[in-house]
Amino acid sequence: MEGCTGRLLVATPGLQDGSFRRSVVLVLEHTEEGALGVVLDRPLDVDASAVLPQWQDHLSAPGRLFQGGPVARDTALALADLPDADAPPGVRHLSPRLGVVDLEAPPALVVDAVRALRVFIGYAGWSAGQLDHEIEVGGWFVVDAEPGDVFSADPRGLWRRVLRRQPGDLALLSTAPDDASLN
């Protein structure tokens, strides 16, 4: 299986798992040992002020915490959109435009040097070979990410938008009803 690091996993309409149904996951790491990512389209009805008050005023719209996945829901992970190759103190590059923020760092070290910031509670994780198997059996479409995906101001509509921009039949799936039995 080709590495999925930096790409999006888009849940197929047949994937009914509650954590991932109609979700879009950014893969942060995909190796022989397993994979790790965050769900991009699950904003919570919780402000960061509940757990990370020092970061609340710096979050990108919609200004909420996101459910990053079903693993380690007692941990937080922050991603930042970086305007240039120099990552500020407290940020580690994942790709040229994306970095992971050390939430222990003072926000003042980070916020003026990033374009956008989002905090995820928990993450999506797969053991060795598990993600490859889920892709092979048709649970996920693997597609390229676009710069606006991670920090979309309308995260709940991301699944449809990502599918709609794909070539061929994948674009048609963006119009699939939530419950095909009602069609």
# chains A, B, ... in the order shown; residues from 1 in each chain; ligands from 1
call {"tool": "residues_around", "arguments": {"residues": "range 166-181 of chain A", "least_positions_apart": "6", "cutoff": "8 Å", "atoms": "only C-alpha atoms", "output": "NGL selection string"}}
result
:A and (13 or 159-160)
call {"tool": "write_last_selection", "arguments": {"atoms": "N, CA, C and O atoms", "output": "mmCIF file, in the first residue's frame"}}
result
data_model
loop_
_atom_site.group_PDB
_atom_site.id
_atom_site.type_symbol
_atom_site.label_atom_id
_atom_site.label_comp_id
_atom_site.auth_asym_id
_atom_site.auth_seq_id
_atom_site.Cartn_x
_atom_site.Cartn_y
_atom_site.Cartn_z
ATOM 1 N N PRO A 13 -19.419 5.558 1.588
ATOM 2 C CA PRO A 13 -20.783 5.545 2.126
ATOM 3 C C PRO A 13 -21.111 4.275 2.914
ATOM 4 O O PRO A 13 -21.937 4.305 3.811
ATOM 5 N N TRP A 159 -16.905 16.464 3.931
ATOM 6 C CA TRP A 159 -17.035 15.152 3.269
ATOM 7 C C TRP A 159 -17.580 15.331 1.851
ATOM 8 O O TRP A 159 -17.005 14.833 0.894
ATOM 9 N N ARG A 160 -18.666 16.047 1.730
ATOM 10 C CA ARG A 160 -19.266 16.271 0.402
ATOM 11 C C ARG A 160 -18.338 17.096 -0.506
ATOM 12 O O ARG A 160 -18.195 16.799 -1.678
#
call {"tool": "select_by_dssp", "arguments": {"residues": "range 7-176 of chain A", "states": "strand (DSSP E or B)", "output": "number ranges by chain"}}
result
A: 8-11, 24-31, 34-39, 43, 66-67, 71-81, 91-93, 98-101, 116-127, 140-143
call {"tool": "atom_distance", "arguments": {"atom1": "CA of Ala87 in chain A", "atom2": "CA of Ala116 in chain A"}}
result
13.3 Å
call {"tool": "atom_distance", "arguments": {"atom1": "CA of Arg64 in chain A", "atom2": "CA of Arg7 in chain A"}}
result
23.4 Å
call {"tool": "residues_around", "arguments": {"residues": "Val111 in chain A", "least_positions_apart": "2", "cutoff": "12 Å", "atoms": "only C-alpha atoms", "output": "number ranges by chain"}}
result
A: 54-60, 78-83, 87-91, 101-103, 105-109, 113-118
call {"tool": "residues_around", "arguments": {"residues": "Val142 in chain A", "least_positions_apart": "4", "cutoff": "12 Å", "atoms": "only C-alpha atoms", "output": "list in words"}}
result
Met1, Glu2, Gly3, Cys4, Thr5, Gly6, Arg7, Leu8, Leu9, Val10, Ala11, Thr12, Val24, Val25, Leu26, Val27, Leu131, Asp132, Glu134, Ile135, Glu136, Gly138, Val162, Leu163, Gln166 and Leu170 of chain A
call {"tool": "select_by_dssp", "arguments": {"residues": "range 47-165 of chain A", "states": "alpha helix (DSSP H)", "output": "PyMOL selection string"}}
result
chain A and resi 107-110+130-136+158-164
call {"tool": "closest_residue", "arguments": {"among": "A:Gln130, A:Thr75, A:Ser95, A:Ser19", "to": "Ala145 in chain A", "atoms": "only C-alpha atoms"}}
result
A:Ser95
call {"tool": "atom_distance", "arguments": {"atom1": "CA of Ala128 in chain A", "atom2": "CA of Ala35 in chain A"}}
result
7.5 Å
call {"tool": "closest_residue", "arguments": {"among": "A:Gly63, A:Arg97, A:Val51, A:Gly148", "to": "Ala76 in chain A", "atoms": "only C-alpha atoms"}}
result
A:Val51
call {"tool": "closest_residue", "arguments": {"among": "A:Asp149, A:Val143, A:His133, A:Leu65", "to": "Ala48 in chain A", "atoms": "only C-alpha atoms"}}
result
A:Leu65
